[in-house]
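See below for model-v3.cif, which holds mmCIF, C-alpha atoms.
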```cif
data_query
#
loop_
_atom_site.label_atom_id
_atom_site.label_comp_id
_atom_site.auth_asym_id
_atom_site.auth_seq_id
_atom_site.Cartn_x
_atom_site.Cartn_y
_atom_site.Cartn_z
CA MET A 129 2.81 -36.27 103.69
CA GLY A 130 0.14 -38.73 102.55
CA LEU A 131 -2.73 -38.25 100.15
CA GLU A 132 -5.85 -36.34 101.09
CA PHE A 133 -9.14 -37.01 99.29
CA GLY A 134 -12.29 -34.95 98.99
CA LEU A 135 -14.60 -33.00 96.73
CA GLN A 136 -13.01 -30.92 94.02
CA LYS A 137 -13.50 -27.21 94.65
CA ARG A 138 -14.74 -24.61 92.18
CA GLU A 139 -11.51 -22.63 92.49
CA GLU A 140 -9.62 -25.74 91.35
CA LEU A 141 -11.37 -26.03 87.98
CA ASN A 142 -8.50 -24.59 85.92
CA GLU A 143 -5.99 -26.78 87.76
CA ALA A 144 -8.20 -29.80 87.13
CA GLY A 145 -8.44 -28.98 83.42
CA ALA A 146 -4.66 -28.69 83.20
CA ILE A 147 -4.20 -32.12 84.85
CA MET A 148 -6.73 -33.62 82.45
CA ALA A 149 -4.93 -32.16 79.43
CA ARG A 150 -1.53 -33.40 80.61
CA ALA A 151 -2.89 -36.85 81.42
CA TYR A 152 -4.52 -37.30 78.00
CA GLU A 153 -1.88 -35.57 75.88
CA ASN A 154 -0.26 -38.87 74.82
CA TYR A 155 -3.29 -41.13 75.30
CA ASP A 156 -4.20 -42.95 72.07
CA TYR A 157 -7.91 -42.28 72.56
CA VAL A 158 -7.16 -38.55 72.34
CA THR A 159 -4.17 -38.42 69.99
CA LEU A 160 -6.24 -40.03 67.24
CA TYR A 161 -7.99 -36.67 66.97
CA PHE A 162 -5.57 -34.30 68.72
CA PRO A 163 -2.18 -34.92 67.05
CA ASP A 164 0.92 -33.81 68.91
CA THR A 165 1.08 -30.23 67.68
CA VAL A 166 1.14 -26.98 69.60
CA GLY A 167 -2.24 -25.92 68.26
CA SER A 168 -3.88 -29.23 69.10
CA ARG A 169 -2.43 -29.25 72.61
CA LYS A 170 -3.92 -25.80 73.17
CA GLY A 171 -7.25 -27.06 71.84
CA LEU A 172 -7.05 -30.05 74.17
CA GLN A 173 -6.46 -27.79 77.17
CA ILE A 174 -9.45 -25.61 76.25
CA PHE A 175 -11.58 -28.70 75.63
CA MET A 176 -10.78 -30.22 79.04
CA ASN A 177 -11.41 -26.90 80.80
CA CYS A 178 -14.79 -26.71 79.12
CA VAL A 179 -15.68 -30.30 80.06
CA VAL A 180 -14.81 -29.90 83.74
CA LYS A 181 -16.51 -26.50 84.08
CA THR A 182 -19.70 -27.66 82.34
CA ASN A 183 -20.03 -30.76 84.53
CA PHE A 184 -19.07 -29.10 87.80
CA GLY A 185 -22.11 -29.07 90.10
CA ARG A 186 -23.81 -31.73 88.00
CA ALA A 187 -21.55 -34.75 88.31
CA ASP A 188 -19.66 -35.65 91.48
CA MET A 189 -16.08 -34.40 91.12
CA LEU A 190 -13.42 -35.56 93.53
CA ALA A 191 -9.72 -34.89 93.91
CA ALA A 192 -6.59 -36.24 95.54
CA HIS A 193 -4.07 -33.80 97.03
CA ARG A 194 -0.53 -34.24 98.26
CA ASP A 195 1.22 -31.44 100.13
CA GLY A 196 -1.67 -29.17 99.21
CA LYS A 197 -1.35 -29.80 95.47
CA MET A 198 -3.87 -31.66 93.33
CA VAL A 199 -2.31 -34.82 91.91
CA ALA A 200 -5.43 -36.63 90.65
CA ARG A 201 -9.09 -35.94 89.96
CA ALA A 202 -12.19 -37.83 88.86
CA THR A 203 -15.71 -37.32 87.54
CA LEU A 204 -18.45 -39.68 88.72
CA GLU A 205 -21.96 -39.85 87.30
CA PRO A 206 -24.60 -41.10 89.77
CA PRO A 207 -27.67 -43.09 88.73
CA GLY A 208 -30.11 -40.89 86.82
CA PHE A 209 -27.41 -38.40 85.89
CA LYS A 210 -28.60 -35.92 83.26
CA ARG A 211 -25.84 -35.08 80.84
CA PRO A 212 -25.30 -31.38 80.01
CA SER A 213 -26.83 -30.04 76.80
CA ALA A 214 -24.83 -28.70 73.86
CA PHE A 215 -25.96 -25.21 74.88
CA GLN A 216 -24.49 -25.64 78.35
CA TYR A 217 -21.14 -26.61 76.83
CA ILE A 218 -21.27 -23.55 74.58
CA VAL A 219 -21.95 -21.32 77.59
CA HIS A 220 -18.76 -22.65 79.17
CA GLY A 221 -16.59 -21.84 76.16
CA PHE A 222 -16.86 -24.79 73.81
CA LEU A 223 -16.78 -22.57 70.72
CA ARG A 224 -13.17 -21.72 71.63
CA VAL A 225 -12.28 -25.38 71.01
CA TYR A 226 -13.33 -24.99 67.38
CA LEU A 227 -11.17 -21.89 67.05
CA ASN A 228 -8.08 -23.88 68.05
CA THR A 229 -8.78 -27.27 66.45
CA LYS A 230 -10.11 -28.39 63.08
CA TRP A 231 -13.88 -28.78 63.11
CA SER A 232 -13.64 -32.22 61.50
CA ARG A 233 -11.30 -33.45 64.24
CA ILE A 234 -13.37 -32.23 67.18
CA ASN A 235 -16.64 -33.46 65.63
CA GLY A 236 -15.03 -36.84 64.95
CA PHE A 237 -13.75 -37.05 68.51
CA LEU A 238 -17.15 -36.18 69.98
CA ALA A 239 -18.88 -38.83 67.87
CA MET A 240 -16.28 -41.42 68.84
CA ASP A 241 -16.50 -40.50 72.53
CA GLU A 242 -20.29 -40.82 72.44
CA ALA A 243 -20.01 -44.32 70.95
CA ALA A 244 -17.29 -45.39 73.41
CA CYS A 245 -19.36 -44.19 76.41
CA LYS A 246 -22.60 -45.80 75.22
CA PRO A 247 -22.08 -49.31 76.67
CA CYS A 248 -21.50 -47.84 80.14
CA HIS A 249 -24.45 -45.47 79.85
CA ASP A 250 -26.71 -48.29 78.68
CA TYR A 251 -25.51 -50.61 81.43
CA GLN A 252 -26.02 -47.93 84.07
CA LYS A 253 -29.69 -47.69 83.06
CA SER A 254 -30.16 -51.36 84.04
CA GLY A 255 -30.02 -50.58 87.75
CA SER A 256 -30.63 -47.77 90.21
CA ASP A 257 -27.44 -48.55 92.14
CA ILE A 258 -24.86 -48.33 89.33
CA TRP A 259 -22.39 -45.43 89.24
CA TYR A 260 -20.28 -44.49 86.21
CA LEU A 261 -16.67 -43.40 86.57
CA SER A 262 -16.56 -41.23 83.47
CA MET A 263 -13.10 -39.73 84.00
CA LEU A 264 -10.09 -40.48 86.21
CA GLU A 265 -6.75 -38.73 85.72
CA VAL A 266 -3.50 -38.84 87.65
CA ASP A 267 -1.12 -35.99 86.86
CA PRO A 268 1.80 -37.55 84.89
CA PRO A 269 4.50 -36.44 87.41
CA ALA A 270 2.56 -38.31 90.14
CA GLN A 271 2.00 -41.52 88.17
CA GLY A 272 3.65 -44.76 89.22
CA GLN A 273 3.58 -43.80 92.90
CA GLY A 274 0.40 -45.57 94.03
CA VAL A 275 -1.77 -42.46 93.70
CA GLY A 276 -4.21 -44.09 91.27
CA THR A 277 -4.61 -47.21 93.41
CA GLN A 278 -5.37 -45.25 96.58
CA PHE A 279 -7.63 -42.81 94.77
CA LEU A 280 -9.66 -45.56 93.08
CA ALA A 281 -10.16 -47.26 96.45
CA TYR A 282 -11.43 -43.94 97.83
CA LEU A 283 -13.80 -43.50 94.86
CA GLU A 284 -15.21 -46.99 95.35
CA GLU A 285 -15.86 -46.30 99.02
CA TYR A 286 -17.38 -42.92 98.13
CA VAL A 287 -20.01 -44.47 95.83
CA ARG A 288 -20.53 -47.48 98.12
CA GLN A 289 -21.54 -45.12 100.93
CA ARG A 290 -24.09 -43.62 98.54
CA GLY A 291 -25.75 -46.95 97.81
CA ALA A 292 -23.72 -48.14 94.83
CA ARG A 293 -23.72 -51.85 94.07
CA GLN A 294 -21.65 -51.61 90.89
CA PHE A 295 -19.07 -49.26 89.40
CA VAL A 296 -18.61 -49.03 85.61
CA LEU A 297 -16.03 -47.36 83.38
CA PHE A 298 -14.28 -47.73 80.05
CA THR A 299 -10.66 -47.57 78.97
CA ASN A 300 -8.79 -47.61 75.67
CA SER A 301 -5.39 -48.59 77.00
CA GLN A 302 -4.06 -52.15 77.30
CA GLU A 303 -2.03 -50.98 80.29
CA ASN A 304 -5.09 -49.53 82.00
CA LEU A 305 -7.11 -52.63 81.11
CA ALA A 306 -4.63 -54.81 82.99
CA TRP A 307 -4.52 -52.29 85.86
CA TYR A 308 -8.28 -52.34 86.36
CA LYS A 309 -8.48 -56.13 86.01
CA LYS A 310 -5.92 -56.43 88.81
CA ARG A 311 -8.28 -54.38 90.97
CA GLY A 312 -11.32 -56.56 90.39
CA TYR A 313 -12.90 -55.09 87.26
CA GLU A 314 -14.19 -57.30 84.45
CA VAL A 315 -14.90 -56.52 80.80
CA PHE A 316 -18.57 -56.57 79.76
CA HIS A 317 -18.19 -54.98 76.32
CA GLU A 318 -15.31 -54.73 73.86
CA CYS A 319 -14.94 -53.02 70.49
CA GLU A 320 -12.42 -51.30 68.23
CA ILE A 321 -12.18 -47.60 67.39
CA GLU A 322 -10.74 -46.69 63.99
CA HIS A 323 -9.72 -43.30 62.62
CA GLU A 324 -7.61 -42.53 59.57
CA GLY A 325 -6.32 -46.10 59.38
CA LYS A 326 -5.40 -46.35 63.07
CA LYS A 327 -7.19 -48.70 65.46
CA ILE A 328 -7.38 -48.85 69.23
CA GLY A 329 -9.36 -51.07 71.56
CA SER A 330 -12.16 -49.92 73.83
CA TRP A 331 -13.14 -51.96 76.88
CA SER A 332 -16.17 -51.27 79.09
CA MET A 333 -15.66 -52.67 82.57
CA LYS A 334 -17.65 -53.22 85.75
CA LYS A 335 -17.03 -54.16 89.36
CA THR A 336 -19.48 -55.35 91.98
CA LEU A 337 -18.78 -53.55 95.24
CA ASN A 338 -18.97 -55.38 98.54
CA ARG A 339 -21.44 -53.86 100.95
#
```
Represent the supplied structure as C-alpha coordinates.
Amino acid sequence: MGLEFGLQKREELNEAGAIMARAYENYDYVTLYFPDTVGSRKGLQIFMNCVVKTNFGRADMLAAHRDGKMVARATLEPPGFKRPSAFQYIVHGFLRVYLNTKWSRINGFLAMDEAACKPCHDYQKSGSDIWYLSMLEVDPPAQGQGVGTQFLAYLEEYVRQRGARQFVLFTNSQENLAWYKKRGYEVFHECEIEHEGKKIGSWSMKKTLNR
(Lines of atoms letter the chains of each structure in order from A and count residues from 1; the text may use other names and numbers.)
(Lines give C-alpha, C1' and ligand atoms only; values in the text may rest on other atoms or scores of the structure.)
Protein backbone atom coordinates (compact mmCIF):
# COMPACT_ATOMS: atom_id res chain seq x y z
CA MET A 1 0.00 0.00 0.00
CA GLY A 2 1.25 3.50 -0.84
CA LEU A 3 1.65 6.52 1.37
CA GLU A 4 -1.29 8.59 2.54
CA PHE A 5 -0.82 12.23 3.54
CA GLY A 6 -2.95 14.55 5.63
CA LEU A 7 -3.28 16.56 8.81
CA GLN A 8 -1.90 15.02 11.96
CA LYS A 9 -4.68 14.16 14.41
CA ARG A 10 -4.82 15.02 18.10
CA GLU A 11 -4.98 11.35 19.05
CA GLU A 12 -1.66 10.85 17.24
CA LEU A 13 0.31 13.30 19.39
CA ASN A 14 2.06 10.65 21.51
CA GLU A 15 2.91 8.63 18.40
CA ALA A 16 4.27 11.76 16.76
CA GLY A 17 6.42 12.54 19.80
CA ALA A 18 7.82 9.01 19.76
CA ILE A 19 8.75 9.31 16.06
CA MET A 20 10.42 12.65 16.74
CA ALA A 21 12.46 11.20 19.62
CA ARG A 22 13.58 8.19 17.55
CA ALA A 23 14.47 10.36 14.56
CA TYR A 24 16.61 12.77 16.61
CA GLU A 25 18.15 10.26 19.01
CA ASN A 26 21.42 10.04 17.03
CA TYR A 27 21.23 13.45 15.34
CA ASP A 28 24.29 15.58 16.15
CA TYR A 29 22.17 18.68 16.73
CA VAL A 30 20.47 16.85 19.60
CA THR A 31 23.23 14.57 20.91
CA LEU A 32 25.39 17.61 21.69
CA TYR A 33 23.00 18.21 24.58
CA PHE A 34 21.27 14.84 24.99
CA PRO A 35 24.10 12.27 25.25
CA ASP A 36 23.27 8.65 24.56
CA THR A 37 22.17 7.64 28.04
CA VAL A 38 18.93 6.13 29.25
CA GLY A 39 18.04 9.21 31.27
CA SER A 40 18.72 11.58 28.40
CA ARG A 41 16.70 9.47 25.96
CA LYS A 42 13.77 9.63 28.36
CA GLY A 43 14.22 13.39 28.62
CA LEU A 44 14.30 13.65 24.83
CA GLN A 45 11.04 11.72 24.54
CA ILE A 46 9.35 13.99 27.09
CA PHE A 47 10.78 17.07 25.38
CA MET A 48 9.46 16.07 21.94
CA ASN A 49 6.04 15.20 23.37
CA CYS A 50 5.89 18.63 24.96
CA VAL A 51 6.94 20.38 21.73
CA VAL A 52 4.35 18.64 19.57
CA LYS A 53 1.52 19.05 22.10
CA THR A 54 2.26 22.74 22.68
CA ASN A 55 2.32 23.55 18.96
CA PHE A 56 -0.67 21.42 18.00
CA GLY A 57 -3.50 23.69 16.85
CA ARG A 58 -1.07 26.58 16.38
CA ALA A 59 1.28 25.39 13.65
CA ASP A 60 0.18 23.22 10.73
CA MET A 61 1.07 19.60 11.53
CA LEU A 62 0.97 16.99 8.81
CA ALA A 63 1.68 13.28 8.69
CA ALA A 64 2.42 10.46 6.28
CA HIS A 65 0.88 7.03 6.90
CA ARG A 66 1.55 3.64 5.40
CA ASP A 67 -0.76 0.73 6.12
CA GLY A 68 -2.47 2.87 8.73
CA LYS A 69 0.74 3.60 10.64
CA MET A 70 2.42 6.99 10.89
CA VAL A 71 5.86 6.86 9.26
CA ALA A 72 6.65 10.59 9.02
CA ARG A 73 5.40 13.90 10.38
CA ALA A 74 6.13 17.61 9.99
CA THR A 75 5.49 20.99 11.60
CA LEU A 76 4.96 24.00 9.34
CA GLU A 77 4.78 27.60 10.50
CA PRO A 78 2.72 29.89 8.24
CA PRO A 79 3.47 33.58 7.73
CA GLY A 80 2.69 35.56 10.88
CA PHE A 81 2.95 32.48 13.08
CA LYS A 82 3.01 33.37 16.78
CA ARG A 83 5.32 31.09 18.69
CA PRO A 84 4.01 29.61 21.97
CA SER A 85 5.01 31.30 25.22
CA ALA A 86 7.13 29.68 27.92
CA PHE A 87 3.97 29.39 30.02
CA GLN A 88 2.23 27.40 27.28
CA TYR A 89 5.14 24.96 27.19
CA ILE A 90 4.98 24.61 30.98
CA VAL A 91 1.25 23.86 30.78
CA HIS A 92 2.05 20.99 28.42
CA GLY A 93 4.59 19.39 30.75
CA PHE A 94 7.90 21.10 30.06
CA LEU A 95 8.91 21.01 33.73
CA ARG A 96 9.10 17.21 33.41
CA VAL A 97 11.98 17.68 30.95
CA TYR A 98 14.02 19.33 33.71
CA LEU A 99 13.29 16.43 36.04
CA ASN A 100 14.85 13.99 33.55
CA THR A 101 17.70 16.06 32.11
CA LYS A 102 20.31 18.39 33.58
CA TRP A 103 19.10 21.99 33.66
CA SER A 104 22.33 23.21 32.08
CA ARG A 105 21.91 20.84 29.13
CA ILE A 106 18.31 21.72 28.37
CA ASN A 107 18.92 25.46 28.78
CA GLY A 108 21.95 25.19 26.50
CA PHE A 109 19.95 23.30 23.91
CA LEU A 110 17.11 25.83 23.97
CA ALA A 111 19.53 28.74 23.52
CA MET A 112 21.28 26.95 20.66
CA ASP A 113 17.98 26.04 18.99
CA GLU A 114 16.81 29.66 19.20
CA ALA A 115 20.00 30.84 17.50
CA ALA A 116 19.84 28.13 14.81
CA CYS A 117 16.19 28.99 14.00
CA LYS A 118 16.77 32.75 13.89
CA PRO A 119 17.92 33.07 10.24
CA CYS A 120 14.76 31.30 9.05
CA HIS A 121 12.52 33.33 11.34
CA ASP A 122 14.15 36.57 10.20
CA TYR A 123 13.91 35.60 6.55
CA GLN A 124 10.26 34.63 6.92
CA LYS A 125 9.50 38.16 8.13
CA SER A 126 10.71 39.54 4.78
CA GLY A 127 7.61 38.35 2.95
CA SER A 128 3.97 37.47 3.55
CA ASP A 129 4.20 34.35 1.38
CA ILE A 130 7.09 32.52 3.09
CA TRP A 131 6.41 29.34 5.07
CA TYR A 132 8.86 27.77 7.53
CA LEU A 133 9.32 24.01 7.73
CA SER A 134 10.38 23.91 11.36
CA MET A 135 10.42 20.13 11.80
CA LEU A 136 10.36 17.10 9.49
CA GLU A 137 10.96 13.58 10.77
CA VAL A 138 10.83 10.19 9.10
CA ASP A 139 10.66 7.25 11.51
CA PRO A 140 14.08 5.50 11.30
CA PRO A 141 12.61 2.10 10.22
CA ALA A 142 10.96 3.88 7.25
CA GLN A 143 14.03 5.85 6.16
CA GLY A 144 15.74 5.13 2.86
CA GLN A 145 12.47 4.07 1.21
CA GLY A 146 11.48 7.32 -0.52
CA VAL A 147 9.13 8.40 2.27
CA GLY A 148 10.92 11.71 2.87
CA THR A 149 11.01 12.60 -0.83
CA GLN A 150 7.29 11.98 -1.32
CA PHE A 151 6.37 13.68 1.93
CA LEU A 152 8.42 16.79 1.16
CA ALA A 153 6.75 17.06 -2.26
CA TYR A 154 3.36 16.87 -0.51
CA LEU A 155 4.40 19.57 2.00
CA GLU A 156 5.52 21.87 -0.81
CA GLU A 157 2.20 21.43 -2.59
CA TYR A 158 0.35 21.97 0.70
CA VAL A 159 1.94 25.39 1.29
CA ARG A 160 1.80 26.32 -2.41
CA GLN A 161 -1.98 25.88 -2.34
CA ARG A 162 -2.05 28.28 0.61
CA GLY A 163 -0.23 31.03 -1.26
CA ALA A 164 3.39 30.20 -0.44
CA ARG A 165 6.06 31.54 -2.76
CA GLN A 166 9.02 30.26 -0.73
CA PHE A 167 9.73 27.47 1.73
CA VAL A 168 12.53 27.81 4.31
CA LEU A 169 14.16 25.39 6.74
CA PHE A 170 17.45 24.63 8.43
CA THR A 171 19.50 21.47 8.87
CA ASN A 172 22.63 20.49 10.78
CA SER A 173 23.49 17.38 8.82
CA GLN A 174 25.80 17.21 5.80
CA GLU A 175 23.71 14.31 4.53
CA ASN A 176 20.49 16.30 4.85
CA LEU A 177 22.16 19.34 3.30
CA ALA A 178 22.96 17.33 0.17
CA TRP A 179 19.47 15.79 0.21
CA TYR A 180 17.72 19.17 0.24
CA LYS A 181 20.08 20.63 -2.38
CA LYS A 182 19.16 17.75 -4.68
CA ARG A 183 15.53 18.79 -4.29
CA GLY A 184 16.07 22.42 -5.24
CA TYR A 185 16.92 24.10 -1.94
CA GLU A 186 19.76 26.61 -1.65
CA VAL A 187 21.72 27.83 1.37
CA PHE A 188 21.14 31.46 2.39
CA HIS A 189 22.88 31.36 5.78
CA GLU A 190 25.61 29.17 7.25
CA CYS A 191 27.22 29.03 10.69
CA GLU A 192 28.82 26.66 13.19
CA ILE A 193 27.40 25.45 16.50
CA GLU A 194 29.90 24.58 19.24
CA HIS A 195 29.33 22.87 22.58
CA GLU A 196 31.91 21.36 24.91
CA GLY A 197 34.57 21.34 22.20
CA LYS A 198 32.36 19.75 19.52
CA LYS A 199 31.30 21.62 16.39
CA ILE A 200 28.56 21.02 13.86
CA GLY A 201 27.40 23.03 10.88
CA SER A 202 24.03 24.74 10.58
CA TRP A 203 22.61 25.62 7.17
CA SER A 204 19.48 27.71 6.57
CA MET A 205 17.93 26.92 3.21
CA LYS A 206 15.19 28.22 0.95
CA LYS A 207 13.32 27.15 -2.16
CA THR A 208 11.18 29.21 -4.50
CA LEU A 209 8.03 27.27 -5.31
CA ASN A 210 6.60 27.29 -8.81
CA ARG A 211 3.05 28.55 -8.96
Taking the file as I've supplied it (selection: the PyMOL selection byres ((chain A and resi 301) around 10)), which residues are included? Please answer as a PDB file with C-alpha atoms, in the frame of the given file.
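Contents of the output file part32.pdb:
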```pdb
ATOM      1  CA  TYR A 155      -3.290 -41.130  75.300  1.00  0.00           C
ATOM      2  CA  ASP A 156      -4.200 -42.950  72.070  1.00  0.00           C
ATOM      3  CA  TYR A 157      -7.910 -42.280  72.560  1.00  0.00           C
ATOM      4  CA  PHE A 298     -14.280 -47.730  80.050  1.00  0.00           C
ATOM      5  CA  THR A 299     -10.660 -47.570  78.970  1.00  0.00           C
ATOM      6  CA  ASN A 300      -8.790 -47.610  75.670  1.00  0.00           C
ATOM      7  CA  GLN A 302      -4.060 -52.150  77.300  1.00  0.00           C
ATOM      8  CA  GLU A 303      -2.030 -50.980  80.290  1.00  0.00           C
ATOM      9  CA  ASN A 304      -5.090 -49.530  82.000  1.00  0.00           C
ATOM     10  CA  LEU A 305      -7.110 -52.630  81.110  1.00  0.00           C
ATOM     11  CA  ALA A 306      -4.630 -54.810  82.990  1.00  0.00           C
ATOM     12  CA  TRP A 307      -4.520 -52.290  85.860  1.00  0.00           C
ATOM     13  CA  ILE A 328      -7.380 -48.850  69.230  1.00  0.00           C
ATOM     14  CA  GLY A 329      -9.360 -51.070  71.560  1.00  0.00           C
ATOM     15  CA  SER A 330     -12.160 -49.920  73.830  1.00  0.00           C
ATOM     16  CA  TRP A 331     -13.140 -51.960  76.880  1.00  0.00           C
TER      17      TRP A 331
END
```
Residues within 8 Å of range 175-187 of chain A, please, as a ChimeraX atom specification. Count only C-alpha atoms; anything in the same chain fewer than 4 positions from it doesn't count. /A:138,141-142,144-146,148-149,171,203-206,209-210,212,216-217,220-222,225
Apply the PyMOL selection byres ((chain A and resi 266-276) around 10) to the structure shown and report the selected residues as number ranges by chain. A: 130-131, 144, 146-153, 191-194, 198-202, 264-265, 277-282, 307
A:Asp257, A:Leu227, A:Val219, A:Ser213 ranked by distance to Lys170 in chain A, top pick (using all atoms listed in the file): A:Leu227
Rounded to one decimal, what separation in Å do you get between CA of Lys137 in chain A and CA of Asp250 in chain A? 29.6 Å
So how many Å separate CA of Ser262 in chain A and CA of Asp195 in chain A, to one decimal? 26.3 Å
Might you spell out which residues the PyMOL selection byres ((chain A and resi 237) around 12) would select in the displayed file, as a ChimeraX atom specification? /A:156-163,172,175,229-236,238-244,321-323
When you count all atoms listed in the file, which of these residues is closest to Leu337 in chain A: A:Phe215, A:Gly325, A:Gln289, A:Val315?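 Nearest to Leu337 in chain A: A:Gln289.
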Have a look at CA of Gly312 in chain A and CA of Thr336 in chain A and let me know their distance in Å, one decimal.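 So the answer is 8.4 Å.
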With distances taken over all atoms listed in the file, which of A:Leu297, A:Ile174, A:Leu135, A:Val287 is nearest to Asn228 in chain A? A:Ile174
Exercise: Lys334 in chain A partners within 10 Å, all atoms listed in the file, chain neighbours under 5 positions left out, as JSON, numbers by chain: {"A": [248, 251, 258, 259, 260, 261, 294, 295, 296, 297, 298, 308, 309, 312, 313, 314, 315, 316, 317]}
Output as JSON the centre and edge lengths (Å, one decimal) of the box along x, y and z of the file that holds every listed atom of range 300-305 of chain A after adding 3 Å on each side.
```
{"center_x": -5.4, "center_y": -50.1, "center_z": 78.8, "size_x": 12.8, "size_y": 11.0, "size_z": 12.3}
```
Complete the atoms of range 135-163 of chain A to N, CA and C atoms and put them out as an mmCIF file, in the coordinates of the input.
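Wrote it out as result-v7.cif, contents follow:
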```
data_model
loop_
_atom_site.group_PDB
_atom_site.id
_atom_site.type_symbol
_atom_site.label_atom_id
_atom_site.label_comp_id
_atom_site.auth_asym_id
_atom_site.auth_seq_id
_atom_site.Cartn_x
_atom_site.Cartn_y
_atom_site.Cartn_z
ATOM 1 N N LEU A 135 -13.937 -33.599 97.873
ATOM 2 C CA LEU A 135 -14.600 -33.000 96.730
ATOM 3 C C LEU A 135 -13.699 -31.966 96.061
ATOM 4 N N GLN A 136 -13.751 -31.933 94.763
ATOM 5 C CA GLN A 136 -13.010 -30.920 94.020
ATOM 6 C C GLN A 136 -13.711 -29.578 94.190
ATOM 7 N N LYS A 137 -12.940 -28.520 94.402
ATOM 8 C CA LYS A 137 -13.500 -27.210 94.650
ATOM 9 C C LYS A 137 -13.611 -26.390 93.352
ATOM 10 N N ARG A 138 -14.534 -25.448 93.354
ATOM 11 C CA ARG A 138 -14.740 -24.610 92.180
ATOM 12 C C ARG A 138 -13.460 -23.859 91.788
ATOM 13 N N GLU A 139 -12.724 -23.389 92.785
ATOM 14 C CA GLU A 139 -11.510 -22.630 92.490
ATOM 15 C C GLU A 139 -10.390 -23.515 91.929
ATOM 16 N N GLU A 140 -10.617 -24.816 91.889
ATOM 17 C CA GLU A 140 -9.620 -25.740 91.350
ATOM 18 C C GLU A 140 -9.934 -26.168 89.918
ATOM 19 N N LEU A 141 -10.947 -25.570 89.299
ATOM 20 C CA LEU A 141 -11.370 -26.030 87.980
ATOM 21 C C LEU A 141 -10.271 -25.883 86.933
ATOM 22 N N ASN A 142 -9.566 -24.768 86.904
ATOM 23 C CA ASN A 142 -8.500 -24.590 85.920
ATOM 24 C C ASN A 142 -7.364 -25.576 86.160
ATOM 25 N N GLU A 143 -7.037 -25.804 87.429
ATOM 26 C CA GLU A 143 -5.990 -26.780 87.760
ATOM 27 C C GLU A 143 -6.416 -28.179 87.335
ATOM 28 N N ALA A 144 -7.685 -28.495 87.536
ATOM 29 C CA ALA A 144 -8.200 -29.800 87.130
ATOM 30 C C ALA A 144 -8.122 -29.964 85.617
ATOM 31 N N GLY A 145 -8.514 -28.917 84.881
ATOM 32 C CA GLY A 145 -8.440 -28.980 83.420
ATOM 33 C C GLY A 145 -7.026 -29.174 82.926
ATOM 34 N N ALA A 146 -6.064 -28.543 83.588
ATOM 35 C CA ALA A 146 -4.660 -28.690 83.200
ATOM 36 C C ALA A 146 -4.171 -30.120 83.445
ATOM 37 N N ILE A 147 -4.574 -30.723 84.563
ATOM 38 C CA ILE A 147 -4.200 -32.120 84.850
ATOM 39 C C ILE A 147 -4.805 -33.040 83.808
ATOM 40 N N MET A 148 -6.064 -32.797 83.465
ATOM 41 C CA MET A 148 -6.730 -33.620 82.450
ATOM 42 C C MET A 148 -5.998 -33.545 81.121
ATOM 43 N N ALA A 149 -5.631 -32.333 80.705
ATOM 44 C CA ALA A 149 -4.930 -32.160 79.430
ATOM 45 C C ALA A 149 -3.579 -32.861 79.433
ATOM 46 N N ARG A 150 -2.839 -32.737 80.530
ATOM 47 C CA ARG A 150 -1.530 -33.400 80.610
ATOM 48 C C ARG A 150 -1.680 -34.919 80.608
ATOM 49 N N ALA A 151 -2.693 -35.410 81.320
ATOM 50 C CA ALA A 151 -2.890 -36.850 81.420
ATOM 51 C C ALA A 151 -3.272 -37.485 80.086
ATOM 52 N N TYR A 152 -4.027 -36.746 79.262
ATOM 53 C CA TYR A 152 -4.520 -37.300 78.000
ATOM 54 C C TYR A 152 -3.667 -36.910 76.794
ATOM 55 N N GLU A 153 -2.651 -36.099 76.994
ATOM 56 C CA GLU A 153 -1.880 -35.570 75.880
ATOM 57 C C GLU A 153 -1.300 -36.667 74.994
ATOM 58 N N ASN A 154 -0.858 -37.779 75.595
ATOM 59 C CA ASN A 154 -0.260 -38.870 74.820
ATOM 60 C C ASN A 154 -1.109 -40.142 74.852
ATOM 61 N N TYR A 155 -2.366 -39.987 75.196
ATOM 62 C CA TYR A 155 -3.290 -41.130 75.300
ATOM 63 C C TYR A 155 -3.871 -41.389 73.912
ATOM 64 N N ASP A 156 -3.788 -42.628 73.435
ATOM 65 C CA ASP A 156 -4.200 -42.950 72.070
ATOM 66 C C ASP A 156 -5.627 -42.517 71.763
ATOM 67 N N TYR A 157 -6.499 -42.638 72.725
ATOM 68 C CA TYR A 157 -7.910 -42.280 72.560
ATOM 69 C C TYR A 157 -8.045 -40.818 72.142
ATOM 70 N N VAL A 158 -7.125 -39.982 72.626
ATOM 71 C CA VAL A 158 -7.160 -38.550 72.340
ATOM 72 C C VAL A 158 -6.280 -38.191 71.148
ATOM 73 N N THR A 159 -5.096 -38.790 71.054
ATOM 74 C CA THR A 159 -4.170 -38.420 69.990
ATOM 75 C C THR A 159 -4.653 -38.829 68.602
ATOM 76 N N LEU A 160 -5.640 -39.731 68.536
ATOM 77 C CA LEU A 160 -6.240 -40.030 67.240
ATOM 78 C C LEU A 160 -6.818 -38.768 66.609
ATOM 79 N N TYR A 161 -7.315 -37.883 67.453
ATOM 80 C CA TYR A 161 -7.990 -36.670 66.970
ATOM 81 C C TYR A 161 -7.253 -35.396 67.321
ATOM 82 N N PHE A 162 -6.382 -35.449 68.339
ATOM 83 C CA PHE A 162 -5.570 -34.300 68.720
ATOM 84 C C PHE A 162 -4.095 -34.654 68.523
ATOM 85 N N PRO A 163 -3.581 -34.584 67.305
ATOM 86 C CA PRO A 163 -2.180 -34.920 67.050
ATOM 87 C C PRO A 163 -1.241 -34.051 67.886
#
```
